[in-house]
$ cat work-v4.tsv   # TSV, C-alpha atoms and all ligand atoms
chain	number	residue	atom	x	y	z
A	1175	MET	CA	-11.44	9.48	-8.23
A	1176	ASN	CA	-11.36	7.44	-11.41
A	1177	ILE	CA	-8.62	6.37	-13.74
A	1178	GLU	CA	-10.02	6.92	-17.20
A	1179	THR	CA	-7.27	5.69	-19.46
A	1180	LEU	CA	-4.13	3.66	-19.03
A	1181	TYR	CA	-1.62	3.51	-21.85
A	1182	LEU	CA	1.21	0.96	-21.74
A	1183	LYS	CA	4.20	0.79	-24.03
A	1184	ASN	CA	6.82	-1.93	-23.65
A	1185	PHE	CA	5.68	-2.36	-20.07
A	1186	ARG	CA	6.19	-5.99	-18.93
A	1187	ASN	CA	4.59	-8.24	-21.57
A	1188	TYR	CA	2.59	-5.39	-23.14
A	1189	ARG	CA	3.90	-4.09	-26.44
A	1190	GLU	CA	1.36	-1.32	-26.75
A	1191	GLU	CA	-2.12	-1.20	-25.27
A	1192	THR	CA	-4.73	1.26	-24.03
A	1193	PHE	CA	-7.32	0.55	-21.37
A	1194	SER	CA	-10.42	2.73	-21.03
A	1195	PHE	CA	-11.80	2.04	-17.61
A	1196	SER	CA	-15.31	2.44	-16.35
A	1197	GLY	CA	-15.85	4.42	-13.16
A	1198	GLY	CA	-17.44	1.32	-11.65
A	1199	ILE	CA	-16.27	-2.27	-11.55
A	1200	ASN	CA	-13.70	-3.30	-14.14
A	1201	VAL	CA	-12.82	-6.95	-14.51
A	1202	VAL	CA	-9.47	-7.81	-16.07
A	1203	TYR	CA	-9.54	-11.54	-16.70
A	1204	GLY	CA	-7.66	-14.23	-18.54
A	1205	ARG	CA	-5.50	-17.29	-18.12
A	1206	ASN	CA	-2.39	-17.34	-15.94
A	1207	ALA	CA	0.65	-15.34	-16.99
A	1208	GLN	CA	-1.17	-13.22	-19.59
A	1209	GLY	CA	-0.67	-9.75	-18.08
A	1210	LYS	CA	-3.51	-9.15	-15.61
A	1211	THR	CA	-1.34	-8.31	-12.61
A	1212	ASN	CA	0.95	-6.33	-14.91
A	1213	CYS	CA	-2.00	-4.08	-15.67
A	1214	ALA	CA	-2.84	-3.57	-11.98
A	1215	GLU	CA	0.84	-2.99	-11.27
A	1216	ALA	CA	0.97	-0.22	-13.90
A	1217	VAL	CA	-1.98	1.53	-12.26
A	1218	PHE	CA	-0.29	1.34	-8.88
A	1219	TYR	CA	2.85	2.84	-10.40
A	1220	LEU	CA	0.83	5.86	-11.55
A	1221	CYS	CA	-0.36	6.37	-7.99
A	1222	THR	CA	2.79	5.77	-5.98
A	1223	GLY	CA	5.78	5.60	-8.32
A	1224	TYR	CA	6.72	2.10	-7.28
A	1225	SER	CA	5.64	-1.47	-7.82
A	1226	PRO	CA	3.37	-3.33	-5.41
A	1227	ARG	CA	5.55	-6.37	-6.17
A	1228	ALA	CA	9.00	-6.64	-4.69
A	1229	THR	CA	10.67	-5.81	-7.96
A	1230	LYS	CA	13.19	-3.45	-9.45
A	1231	ASP	CA	11.84	-0.67	-11.62
A	1232	SER	CA	14.03	-1.76	-14.53
A	1233	GLN	CA	12.37	-5.20	-14.56
A	1234	VAL	CA	9.19	-3.71	-16.00
A	1235	ILE	CA	10.93	-2.93	-19.28
A	1236	ARG	CA	9.76	-5.43	-21.86
A	1237	TYR	CA	12.43	-7.98	-22.68
A	1238	GLY	CA	14.70	-6.69	-25.43
A	1239	GLU	CA	13.48	-3.09	-25.22
A	1240	GLU	CA	15.34	-0.07	-23.91
A	1241	SER	CA	12.60	1.70	-22.04
A	1242	ALA	CA	9.03	1.30	-20.88
A	1243	TYR	CA	6.30	3.86	-20.71
A	1244	VAL	CA	3.12	4.09	-18.65
A	1245	THR	CA	0.71	6.97	-18.73
A	1246	GLY	CA	-2.71	7.45	-17.27
A	1247	THR	CA	-5.38	10.06	-16.93
A	1248	ALA	CA	-7.67	10.38	-13.97
A	1249	ALA	CA	-10.73	12.43	-13.09
A	1250	THR	CA	-10.58	13.66	-9.51
A	1251	SER	CA	-12.53	16.11	-7.38
A	1252	TYR	CA	-9.77	18.67	-7.94
A	1253	GLY	CA	-9.75	18.21	-11.72
A	1254	LYS	CA	-8.12	16.08	-14.36
A	1255	VAL	CA	-4.66	14.76	-13.79
A	1256	GLU	CA	-2.24	13.04	-16.12
A	1257	VAL	CA	0.67	11.01	-14.82
A	1258	GLY	CA	3.41	9.55	-17.01
A	1259	LEU	CA	6.32	7.33	-16.09
A	1260	THR	CA	9.23	6.38	-18.32
A	1261	PHE	CA	11.46	3.56	-17.16
A	1262	PHE	CA	15.07	3.34	-18.24
A	1263	PRO	CA	17.49	0.59	-17.22
A	1264	LYS	CA	18.97	2.72	-14.46
A	1265	SER	CA	16.42	5.42	-13.76
A	1266	LYS	CA	12.85	6.53	-14.19
A	1267	ARG	CA	11.25	9.80	-15.07
A	1268	VAL	CA	7.90	10.93	-13.68
A	1269	LEU	CA	5.69	13.63	-15.11
A	1270	VAL	CA	2.56	15.04	-13.50
A	1271	ASN	CA	0.50	17.12	-15.91
A	1272	GLY	CA	3.55	17.41	-18.11
A	1273	VAL	CA	5.83	18.71	-15.37
A	1274	GLU	CA	8.71	16.56	-14.23
A	1275	VAL	CA	8.60	15.52	-10.61
A	1276	MET	CA	11.95	15.74	-8.86
A	1277	ARG	CA	11.05	14.04	-5.59
A	1278	MET	CA	8.85	10.95	-5.57
A	1279	GLY	CA	6.85	12.48	-2.73
A	1280	GLU	CA	5.40	14.98	-5.19
A	1281	LEU	CA	3.74	12.19	-7.14
A	1282	LEU	CA	1.95	10.89	-4.06
A	1283	GLY	CA	-1.57	12.10	-3.50
A	1284	ASN	CA	-2.34	12.87	-7.14
A	1285	ILE	CA	-4.13	9.60	-7.81
A	1286	ASN	CA	-4.76	7.51	-4.72
A	1287	SER	CA	-5.18	3.77	-4.71
A	1288	VAL	CA	-5.63	0.83	-2.43
A	1289	PHE	CA	-4.04	-2.37	-3.68
A	1290	PHE	CA	-4.96	-5.81	-2.49
A	1291	ASN	CA	-3.60	-9.17	-3.57
A	1292	PRO	CA	-3.18	-12.62	-2.01
A	1293	ASN	CA	0.18	-11.58	-0.61
A	1294	ASP	CA	-1.69	-9.16	1.60
A	1295	LEU	CA	-2.64	-12.09	3.74
A	1296	LYS	CA	0.78	-11.31	5.13
A	1297	LEU	CA	-0.85	-8.25	6.56
A	1298	ILE	CA	-2.54	-10.51	9.06
A	1299	LYS	CA	-0.27	-13.51	9.31
A	1300	GLU	CA	3.27	-12.37	9.12
A	1301	SER	CA	5.61	-9.95	10.77
A	1302	PRO	CA	4.78	-6.53	12.23
A	1303	GLU	CA	6.76	-5.13	9.32
A	1304	ASP	CA	3.93	-5.98	6.94
A	1305	ARG	CA	1.42	-4.17	9.11
A	1306	ARG	CA	3.66	-1.12	9.39
A	1307	LYS	CA	4.00	-1.19	5.61
A	1308	PHE	CA	0.21	-1.15	5.31
A	1309	MET	CA	0.08	2.04	7.39
A	1310	ASP	CA	3.06	3.53	5.58
A	1311	ILE	CA	1.70	3.05	2.07
A	1312	SER	CA	-1.64	4.42	3.06
A	1313	LEU	CA	-0.40	7.38	5.07
A	1314	SER	CA	2.28	8.30	2.55
A	1315	GLN	CA	-0.44	8.74	-0.07
A	1316	MET	CA	-2.60	10.72	2.34
A	1317	ASN	CA	0.08	13.00	3.68
A	1318	ARG	CA	3.43	13.92	2.12
A	1319	ARG	CA	4.71	15.17	5.47
A	1320	TYR	CA	4.36	11.61	6.71
A	1321	PHE	CA	6.23	10.26	3.71
A	1322	TYR	CA	9.14	12.65	4.21
A	1323	ALA	CA	9.23	12.08	7.99
A	1324	LEU	CA	9.34	8.34	7.36
A	1325	GLN	CA	12.18	8.64	4.86
A	1326	LYS	CA	14.22	10.75	7.25
A	1327	TYR	CA	13.39	8.57	10.22
A	1328	LYS	CA	14.64	5.47	8.41
A	1329	LYS	CA	17.83	7.19	7.38
A	1330	ILE	CA	18.63	8.51	10.84
A	1331	LEU	CA	17.69	5.20	12.40
A	1332	SER	CA	20.15	3.32	10.23
A	1333	GLN	CA	22.88	5.87	11.01
A	1334	ARG	CA	22.13	5.59	14.71
A	1335	ASN	CA	22.23	1.81	14.51
A	1336	ARG	CA	25.54	1.88	12.68
A	1337	LEU	CA	26.91	4.12	15.42
A	1338	LEU	CA	25.60	1.76	18.12
A	1339	LYS	CA	27.18	-1.20	16.41
A	1340	GLU	CA	30.49	0.25	15.31
A	1341	GLY	CA	31.20	3.41	17.34
A	1342	ASP	CA	33.50	3.41	20.34
A	1343	GLU	CA	31.75	4.03	23.63
A	1344	GLU	CA	32.87	7.60	24.10
A	1345	THR	CA	31.73	8.72	20.63
A	1346	VAL	CA	28.43	6.93	21.09
A	1347	ARG	CA	27.72	8.66	24.40
A	1348	GLU	CA	28.63	12.04	22.97
A	1349	THR	CA	26.72	11.88	19.70
A	1350	LEU	CA	23.60	9.90	20.58
A	1351	PRO	CA	21.72	12.84	22.13
A	1352	VAL	CA	22.07	14.75	18.85
A	1353	TRP	CA	20.72	11.83	16.82
A	1354	ASP	CA	17.95	11.23	19.34
A	1355	GLU	CA	16.63	14.75	19.10
A	1356	GLN	CA	16.18	14.41	15.33
A	1357	LEU	CA	15.01	10.84	15.47
A	1358	ALA	CA	12.33	11.68	18.01
A	1359	ALA	CA	11.08	14.65	15.99
A	1360	HIS	CA	10.42	12.47	12.94
A	1361	ALA	CA	9.15	9.61	15.09
A	1362	ALA	CA	6.58	11.93	16.65
A	1363	VAL	CA	5.14	12.80	13.22
A	1364	ILE	CA	4.94	9.11	12.32
A	1365	VAL	CA	3.36	7.99	15.59
A	1366	ALA	CA	0.84	10.85	15.65
A	1367	GLU	CA	-0.33	10.00	12.14
A	1368	ARG	CA	-0.46	6.26	12.76
A	1369	ASN	CA	-2.43	6.71	15.98
A	1370	GLU	CA	-4.95	8.95	14.27
A	1371	PHE	CA	-5.18	6.59	11.28
A	1372	LEU	CA	-5.87	3.55	13.46
A	1373	LYS	CA	-8.39	5.44	15.54
A	1374	VAL	CA	-10.40	6.25	12.42
A	1375	LEU	CA	-9.74	2.89	10.74
A	1376	SER	CA	-10.73	0.67	13.63
A	1377	PRO	CA	-14.53	1.18	13.70
A	1378	LEU	CA	-14.62	1.21	9.89
A	1379	ALA	CA	-12.78	-2.12	9.72
A	1380	ALA	CA	-15.14	-3.58	12.32
A	1381	ASP	CA	-18.06	-2.40	10.26
A	1382	ALA	CA	-16.71	-3.81	6.98
A	1383	HIS	CA	-15.92	-7.14	8.59
A	1384	SER	CA	-19.29	-7.43	10.21
A	1385	TYR	CA	-20.88	-6.69	6.84
A	1386	ILE	CA	-18.87	-9.28	4.90
A	1387	THR	CA	-19.51	-11.97	7.52
A	1388	ASP	CA	-23.16	-11.05	7.87
A	1389	GLY	CA	-22.66	-10.08	11.51
A	1390	LYS	CA	-21.08	-13.41	12.46
A	1391	GLU	CA	-17.66	-12.06	13.32
A	1392	THR	CA	-16.39	-9.06	15.22
A	1393	LEU	CA	-13.10	-7.56	14.15
A	1394	ALA	CA	-11.10	-5.41	16.55
A	1395	VAL	CA	-8.10	-3.42	15.37
A	1396	SER	CA	-5.87	-1.34	17.60
A	1397	ALA	CA	-2.41	0.16	17.86
A	1398	SER	CA	0.18	-1.82	19.76
A	1399	GLY	CA	2.25	1.18	20.73
A	1400	ARG	CA	1.91	2.96	24.05
A	1401	TYR	CA	2.77	6.48	22.90
A	1402	GLU	CA	-0.19	8.80	22.97
A	1403	GLY	CA	-0.86	12.50	22.76
A	1404	ASP	CA	0.00	15.34	20.41
A	1405	GLU	CA	3.22	15.59	18.46
A	1406	LYS	CA	5.02	17.63	21.09
A	1407	SER	CA	4.20	15.26	23.88
A	1408	LEU	CA	4.99	12.25	21.66
A	1409	LYS	CA	8.40	13.69	20.96
A	1410	SER	CA	9.27	14.03	24.64
A	1411	GLN	CA	7.92	10.55	25.42
A	1412	ILE	CA	10.09	9.10	22.66
A	1413	ILE	CA	13.18	11.04	23.74
A	1414	ALA	CA	12.67	9.80	27.29
A	1415	ASP	CA	12.34	6.23	26.01
A	1416	LEU	CA	15.46	6.54	23.88
A	1417	ASN	CA	17.30	7.78	26.96
A	1418	ASP	CA	15.99	5.01	29.17
A	1419	SER	CA	16.91	2.34	26.65
A	1420	ARG	CA	20.36	3.70	25.88
A	1421	GLU	CA	22.37	1.14	27.82
A	1422	ARG	CA	20.34	-1.70	26.40
A	1423	SER	CA	20.64	-0.36	22.85
A	1424	MET	CA	24.39	0.03	23.28
A	1425	ALA	CA	24.68	-3.53	24.53
A	1426	LEU	CA	22.57	-4.91	21.67
A	1427	GLY	CA	23.92	-2.63	18.96
A	1428	TYR	CA	20.58	-1.37	17.65
A	1429	THR	CA	17.73	0.95	18.56
A	1430	THR	CA	15.21	-0.89	20.70
A	1431	VAL	CA	12.38	1.64	20.91
A	1432	GLY	CA	10.46	3.76	18.41
A	1433	PRO	CA	7.87	3.48	15.63
A	1434	HIS	CA	9.99	0.95	13.75
A	1435	ARG	CA	8.78	-1.47	16.42
A	1436	ASP	CA	5.07	-0.58	16.09
A	1437	ASP	CA	2.44	-3.18	15.31
A	1438	ILE	CA	-1.31	-3.43	14.85
A	1439	LYS	CA	-3.29	-5.79	17.04
A	1440	ILE	CA	-6.00	-7.65	15.15
A	1441	LYS	CA	-8.62	-9.81	16.84
A	1442	ILE	CA	-11.69	-11.69	15.62
A	1443	ASN	CA	-14.32	-12.43	18.24
A	1444	GLY	CA	-11.75	-11.56	20.88
A	1445	GLU	CA	-9.07	-13.99	19.68
A	1446	ASP	CA	-5.78	-13.10	18.01
A	1447	VAL	CA	-6.50	-13.76	14.34
A	1448	ARG	CA	-2.84	-14.51	13.63
A	1449	VAL	CA	-2.91	-17.46	15.95
A	1450	TYR	CA	-6.49	-18.70	15.78
A	1451	GLY	CA	-7.94	-17.41	12.50
A	1452	SER	CA	-8.76	-19.75	9.61
A	1453	GLN	CA	-7.32	-18.92	6.19
A	1454	GLY	CA	-10.67	-17.52	5.06
A	1455	GLN	CA	-11.05	-15.48	8.24
A	1456	GLN	CA	-7.59	-14.04	7.80
A	1457	ARG	CA	-8.33	-13.18	4.20
A	1458	THR	CA	-11.60	-11.55	5.17
A	1459	ALA	CA	-9.89	-9.57	7.93
A	1460	ALA	CA	-7.22	-8.36	5.52
A	1461	LEU	CA	-9.90	-7.34	3.05
A	1462	SER	CA	-11.87	-5.58	5.80
A	1463	LEU	CA	-8.78	-3.52	6.64
A	1464	LYS	CA	-8.45	-2.52	3.00
A	1465	LEU	CA	-12.15	-1.68	2.67
A	1466	ALA	CA	-11.82	0.44	5.81
A	1467	GLU	CA	-8.78	2.13	4.31
A	1468	LEU	CA	-10.98	3.19	1.37
A	1469	GLU	CA	-13.32	4.88	3.81
A	1470	VAL	CA	-10.46	6.66	5.58
A	1471	PHE	CA	-9.43	8.13	2.23
A	1472	ARG	CA	-12.98	9.23	1.57
A	1473	LEU	CA	-13.29	10.87	4.99
A	1474	ARG	CA	-10.04	12.76	4.46
A	1475	PHE	CA	-10.44	13.81	0.84
A	1476	GLY	CA	-14.16	13.58	0.14
A	1477	GLU	CA	-13.65	10.94	-2.54
A	1478	TYR	CA	-12.68	7.30	-2.82
A	1479	PRO	CA	-9.31	6.15	-4.14
A	1480	VAL	CA	-9.11	3.57	-6.92
A	1481	LEU	CA	-9.35	0.02	-5.60
A	1482	LEU	CA	-7.13	-2.63	-7.16
A	1483	LEU	CA	-8.12	-6.18	-6.29
A	1484	ASP	CA	-5.52	-8.49	-7.75
A	1485	ASP	CA	-6.73	-12.08	-7.53
A	1486	ALA	CA	-8.15	-11.19	-4.17
A	1487	LEU	CA	-11.67	-12.58	-4.46
A	1488	SER	CA	-11.06	-16.10	-5.72
A	1489	GLU	CA	-10.47	-17.62	-2.33
A	1490	LEU	CA	-13.56	-16.20	-0.68
A	1491	ASP	CA	-16.74	-18.24	-0.65
A	1492	ALA	CA	-19.48	-17.06	-3.01
A	1493	GLN	CA	-21.46	-15.31	-0.30
A	1494	ARG	CA	-18.52	-13.32	1.06
A	1495	ARG	CA	-17.48	-12.46	-2.48
A	1496	ALA	CA	-20.94	-11.16	-3.34
A	1497	ARG	CA	-20.94	-9.03	-0.21
A	1498	VAL	CA	-17.57	-7.53	-1.03
A	1499	ILE	CA	-18.80	-6.67	-4.52
A	1500	GLY	CA	-21.92	-5.09	-3.04
A	1501	ARG	CA	-19.73	-2.95	-0.86
A	1502	ILE	CA	-17.42	-1.62	-3.56
A	1503	LYS	CA	-20.04	-0.76	-6.16
A	1504	GLN	CA	-19.80	2.94	-5.36
A	1505	LEU	CA	-16.16	3.34	-6.32
A	1506	GLN	CA	-13.85	2.52	-9.19
A	1507	THR	CA	-12.45	-0.96	-8.84
A	1508	ILE	CA	-10.12	-2.93	-11.06
A	1509	ILE	CA	-10.41	-6.63	-10.34
A	1510	THR	CA	-8.12	-9.25	-11.85
A	1511	LEU	CA	-9.17	-12.88	-11.93
A	1512	THR	CA	-9.01	-15.92	-14.15
A	1513	ASP	CA	-12.71	-16.80	-14.30
A	1514	ARG	CA	-14.93	-14.04	-15.69
A	1515	ASP	CA	-18.02	-15.59	-14.11
A	1516	GLU	CA	-16.75	-14.91	-10.60
A	1517	VAL	CA	-17.91	-11.33	-11.01
A	1518	PRO	CA	-20.95	-11.54	-13.28
A	1519	ALA	CA	-22.23	-7.96	-13.16
A	1520	ALA	CA	-19.16	-5.82	-13.74
A	1521	ASP	CA	-19.41	-2.59	-15.71
A	1522	ARG	CA	-16.58	-3.48	-18.07
A	1523	TYR	CA	-14.59	-6.59	-18.94
A	1524	PHE	CA	-11.13	-6.86	-20.41
A	1525	HIS	CA	-10.03	-10.24	-21.71
A	1526	ILE	CA	-6.24	-10.32	-21.51
A	1527	GLU	CA	-4.11	-12.58	-23.65
A	1528	GLU	CA	-0.35	-12.38	-24.12
A	1529	GLY	CA	-0.07	-8.78	-23.04
A	1530	GLY	CA	-3.00	-7.37	-24.94
A	1531	ILE	CA	-6.76	-6.89	-24.74
A	1532	LYS	CA	-8.39	-9.65	-26.80
A	1533	GLY	CA	-11.97	-8.53	-26.29
A	1534	GLU	CA	-14.57	-8.21	-23.57
B	1	LIG	N1	9.89	-7.26	-18.47
B	1	LIG	C1	9.09	-8.17	-19.04
B	1	LIG	N2	9.06	-8.32	-20.38
B	1	LIG	C2	8.24	-9.22	-20.96
B	1	LIG	N3	7.41	-10.03	-20.29
B	1	LIG	C3	7.40	-9.92	-18.94
B	1	LIG	C4	8.21	-8.97	-18.24
B	1	LIG	N4	7.99	-9.09	-16.93
B	1	LIG	C5	7.06	-10.05	-16.80
B	1	LIG	N5	6.71	-10.54	-17.99
B	1	LIG	C6	5.75	-11.64	-18.28
B	1	LIG	O1	4.46	-11.28	-17.84
B	1	LIG	C7	3.78	-12.47	-17.51
B	1	LIG	C8	3.10	-12.38	-16.18
B	1	LIG	O2	2.13	-11.45	-16.24
B	1	LIG	P1	1.17	-11.26	-14.99
B	1	LIG	O3	1.91	-11.35	-13.72
B	1	LIG	O4	0.43	-10.01	-15.25
B	1	LIG	O5	0.26	-12.52	-15.14
B	1	LIG	P2	-1.24	-12.71	-14.70
B	1	LIG	O6	-2.09	-12.59	-15.90
B	1	LIG	O7	-1.55	-11.85	-13.54
B	1	LIG	O8	-1.20	-14.24	-14.29
B	1	LIG	P3	-1.73	-15.00	-12.98
B	1	LIG	O9	-3.12	-15.41	-13.28
B	1	LIG	O10	-0.81	-16.18	-12.93
B	1	LIG	O11	-1.58	-14.10	-11.82
B	1	LIG	C9	4.78	-13.58	-17.42
B	1	LIG	O12	4.59	-14.46	-18.48
B	1	LIG	C10	6.09	-12.88	-17.51
B	1	LIG	O13	7.04	-13.64	-18.19
B	2	MG	MG	-1.63	-12.19	-11.51
$ encode --input "work-v4.tsv" --output "structure tokens" --more "lines below"
Ligand SMILES: Nc1ncnc2c1ncn2[C@@H]1O[C@H](COP(=O)(O)OP(=O)(O)OP(=O)(O)O)[C@@H](O)[C@H]1O
Ligand SMILES: [Mg+2]
Amino acid sequence: MNIETLYLKNFRNYREETFSFSGGINVVYGRNAQGKTNCAEAVFYLCTGYSPRATKDSQVIRYGEESAYVTGTAATSYGKVEVGLTFFPKSKRVLVNGVEVMRMGELLGNINSVFFNPNDLKLIKESPEDRRKFMDISLSQMNRRYFYALQKYKKILSQRNRLLKEGDEETVRETLPVWDEQLAAHAAVIVAERNEFLKVLSPLAADAHSYITDGKETLAVSASGRYEGDEKSLKSQIIADLNDSRERSMALGYTTVGPHRDDIKIKINGEDVRVYGSQGQQRTAALSLKLAELEVFRLRFGEYPVLLLDDALSELDAQRRARVIGRIKQLQTIITLTDRDEVPAADRYFHIEEGGIKGE
């Protein structure tokens, strides 16, 4: 799928601008703080309804303005789609093909994207939470049922934790089984989807990594969880685990088992990349995961999502960079960087200055 046009009005530092993207490699370049990431952020908003930065929606409204507007059109295998978002100080409005979307889940899956920026090194280095987020963003776009199960799971989990922390013992013992039944049902959906995702992703990530490193490194990705099987069996395994851990959870005041504790194990040449990987290896591994994610989308939907590479190539050596470019030629990519020459053979260039396109 390709984003064809992106129109921005009072979005971040853009007053009013229109991008016409090529279906191949688009390079958005310019000096620091000119609006390159803002452009990538706007595209991600069209796909998911939220920012890839940890930011409040209202912060995208251009200083001194009352609202911001982003709209985009995309060509997909199921036809043309137009998405529009209007941001107000306290709310936002989302339209898909002119029809207002009431639940954010309905926006997901219209235009799919994979976003990568230097922060995604966290995907390798930092807490399991970042790796769960990787699966969640990806799977929420692929499957609305996952998105809704995740929302409900999080809500019930926080209610259950509040009960564990604040409830008196008798109430806790009486009400937990009711919570656990619901919690396990949503957990089973989440775990089933994550297991399947990692099963498909793993060989694809190994393949991408081997390609970028010219066969010098082997990447192995696997689920850390021990729940396996179909949804029904997952649900009973999780209920049993919740039961078994009840005393411990009551003593600690939070839920000690479930998909909110999942992680992804990532190894290069047999060693834990978190502990032993160099910065470049970690970056390459993170990129390999994202490239593999593109392939998972293609396997599921028969077409690639839009790839957003925000400042993601600059820290790779020239050879690795060239290999990544070679790999992504077949899909629409929007790359932001400061030095145009880093990607010499793009299909289209946008020179960004002070929130506007200043030329090619
Ligand atoms: N709501 C807003 N209104 C006006 N300007 C904003 C708003 N939010 C952010 N900006 C401005 O946008 C600029 C940053 O844009 P952006 O993050 O896209 O930079 P960039 O071109 O990606 O730079 P870098 O190369 O440093 O990553 C900053 O100067 C910031 O002040
Ligand atoms: Mg930037």
$ residues_near_ligand --input "work-v4.tsv" --ligand "ligand LIG 1 (chain B)" --cutoff "6 Å" --atoms "only C-alpha atoms and all ligand atoms" --output "PyMOL selection string"
chain A and resi 1186-1187+1205-1212+1233-1237+1512
$ write_last_selection --input "work-v4.tsv" --atoms "C-alpha atoms" --output "mmCIF file, in the coordinates of the input"
data_model
loop_
_atom_site.group_PDB
_atom_site.id
_atom_site.type_symbol
_atom_site.label_atom_id
_atom_site.label_comp_id
_atom_site.auth_asym_id
_atom_site.auth_seq_id
_atom_site.Cartn_x
_atom_site.Cartn_y
_atom_site.Cartn_z
ATOM 1 C CA ARG A 1186 6.190 -5.990 -18.930
ATOM 2 C CA ASN A 1187 4.590 -8.240 -21.570
ATOM 3 C CA ARG A 1205 -5.500 -17.290 -18.120
ATOM 4 C CA ASN A 1206 -2.390 -17.340 -15.940
ATOM 5 C CA ALA A 1207 0.650 -15.340 -16.990
ATOM 6 C CA GLN A 1208 -1.170 -13.220 -19.590
ATOM 7 C CA GLY A 1209 -0.670 -9.750 -18.080
ATOM 8 C CA LYS A 1210 -3.510 -9.150 -15.610
ATOM 9 C CA THR A 1211 -1.340 -8.310 -12.610
ATOM 10 C CA ASN A 1212 0.950 -6.330 -14.910
ATOM 11 C CA GLN A 1233 12.370 -5.200 -14.560
ATOM 12 C CA VAL A 1234 9.190 -3.710 -16.000
ATOM 13 C CA ILE A 1235 10.930 -2.930 -19.280
ATOM 14 C CA ARG A 1236 9.760 -5.430 -21.860
ATOM 15 C CA TYR A 1237 12.430 -7.980 -22.680
ATOM 16 C CA THR A 1512 -9.010 -15.920 -14.150
#
$ closest_residue --input "work-v4.tsv" --among "A:Ala1486, A:Leu1350, A:Val1447, A:Cys1221" --to "ligand MG 2 (chain B)" --atoms "only C-alpha atoms and all ligand atoms"
A:Ala1486
$ atom_distance --input "work-v4.tsv" --atom1 "atom CA of A:Ser1251" --atom2 "atom CA of A:Leu1180"
19.0 Å
$ atom_distance --input "work-v4.tsv" --atom1 "atom CA of A:Ser1241" --atom2 "atom CA of A:Lys1183"
8.7 Å
$ closest_residue --input "work-v4.tsv" --among "A:Lys1326, A:Arg1400, A:Lys1390, A:Lys1409" --to "A:Ala1359" --atoms "only C-alpha atoms"
A:Lys1409
$ residues_near_point --input "work-v4.tsv" --point "(-10.6, -16.0, -19.1)" --cutoff "7 Å" --atoms "all atoms listed in the file" --output "list in words"
Tyr1203, Gly1204, Arg1205, Thr1512, Asp1513, Arg1514 and His1525 of chain A
$ closest_residue --input "work-v4.tsv" --among "A:Gly1238, A:Val1244, A:Asp1231, A:Tyr1219" --to "A:Leu1281" --atoms "all atoms listed in the file"
A:Tyr1219
$ atom_distance --input "work-v4.tsv" --atom1 "atom CA of A:Gly1476" --atom2 "atom CA of A:Gly1399"
29.1 Å
$ closest_residue --input "work-v4.tsv" --among "A:Ser1314, A:Ser1452, A:Gln1356, A:Asn1291" --to "ligand MG 2 (chain B)" --atoms "all atoms listed in the file"
A:Asn1291
$ closest_residue --input "work-v4.tsv" --among "A:Cys1213, A:Val1365, A:Ala1380, A:Leu1426" --to "ligand MG 2 (chain B)" --atoms "only C-alpha atoms and all ligand atoms"
A:Cys1213
$ closest_residue --input "work-v4.tsv" --among "A:Ser1194, A:Asn1293, A:Thr1349, A:Asn1369" --to "ligand MG 2 (chain B)" --atoms "all atoms listed in the file"
A:Asn1293
$ residues_near_point --input "work-v4.tsv" --point "(7.7, 11.5, 3.6)" --cutoff "12 Å" --atoms "all atoms listed in the file" --output "ChimeraX atom specification"
/A:1277-1283,1310-1329,1360-1361,1363-1364,1367
$ decode --input "work-v4.tsv" --residues "stretch 1180-1189 of chain A" --atoms "N, CA and C atoms" --output "mmCIF file, in the first residue's frame"
data_model
loop_
_atom_site.group_PDB
_atom_site.id
_atom_site.type_symbol
_atom_site.label_atom_id
_atom_site.label_comp_id
_atom_site.auth_asym_id
_atom_site.auth_seq_id
_atom_site.Cartn_x
_atom_site.Cartn_y
_atom_site.Cartn_z
ATOM 1 N N LEU A 1180 -0.165 13.649 1.415
ATOM 2 C CA LEU A 1180 -0.271 13.991 2.838
ATOM 3 C C LEU A 1180 -0.450 15.497 2.899
ATOM 4 N N TYR A 1181 -1.533 15.923 3.502
ATOM 5 C CA TYR A 1181 -1.804 17.357 3.634
ATOM 6 C C TYR A 1181 -1.765 17.724 5.113
ATOM 7 N N LEU A 1182 -0.991 18.750 5.440
ATOM 8 C CA LEU A 1182 -0.842 19.170 6.838
ATOM 9 C C LEU A 1182 -1.292 20.613 6.988
ATOM 10 N N LYS A 1183 -2.086 20.861 8.003
ATOM 11 C CA LYS A 1183 -2.472 22.251 8.279
ATOM 12 C C LYS A 1183 -2.321 22.502 9.771
ATOM 13 N N ASN A 1184 -1.490 23.482 10.086
ATOM 14 C CA ASN A 1184 -1.210 23.830 11.494
ATOM 15 C C ASN A 1184 -0.811 22.620 12.325
ATOM 16 N N PHE A 1185 -0.137 21.682 11.674
ATOM 17 C CA PHE A 1185 0.363 20.495 12.368
ATOM 18 C C PHE A 1185 1.833 20.742 12.712
ATOM 19 N N ARG A 1186 2.141 20.736 14.049
ATOM 20 C CA ARG A 1186 3.510 21.025 14.502
ATOM 21 C C ARG A 1186 4.008 22.336 13.879
ATOM 22 N N ASN A 1187 5.198 22.315 13.235
ATOM 23 C CA ASN A 1187 5.694 23.571 12.681
ATOM 24 C C ASN A 1187 5.248 23.799 11.224
ATOM 25 N N TYR A 1188 4.331 22.973 10.725
ATOM 26 C CA TYR A 1188 3.818 23.187 9.373
ATOM 27 C C TYR A 1188 2.603 24.115 9.399
ATOM 28 N N ARG A 1189 2.648 25.168 8.593
ATOM 29 C CA ARG A 1189 1.461 26.017 8.482
ATOM 30 C C ARG A 1189 0.492 25.346 7.507
#
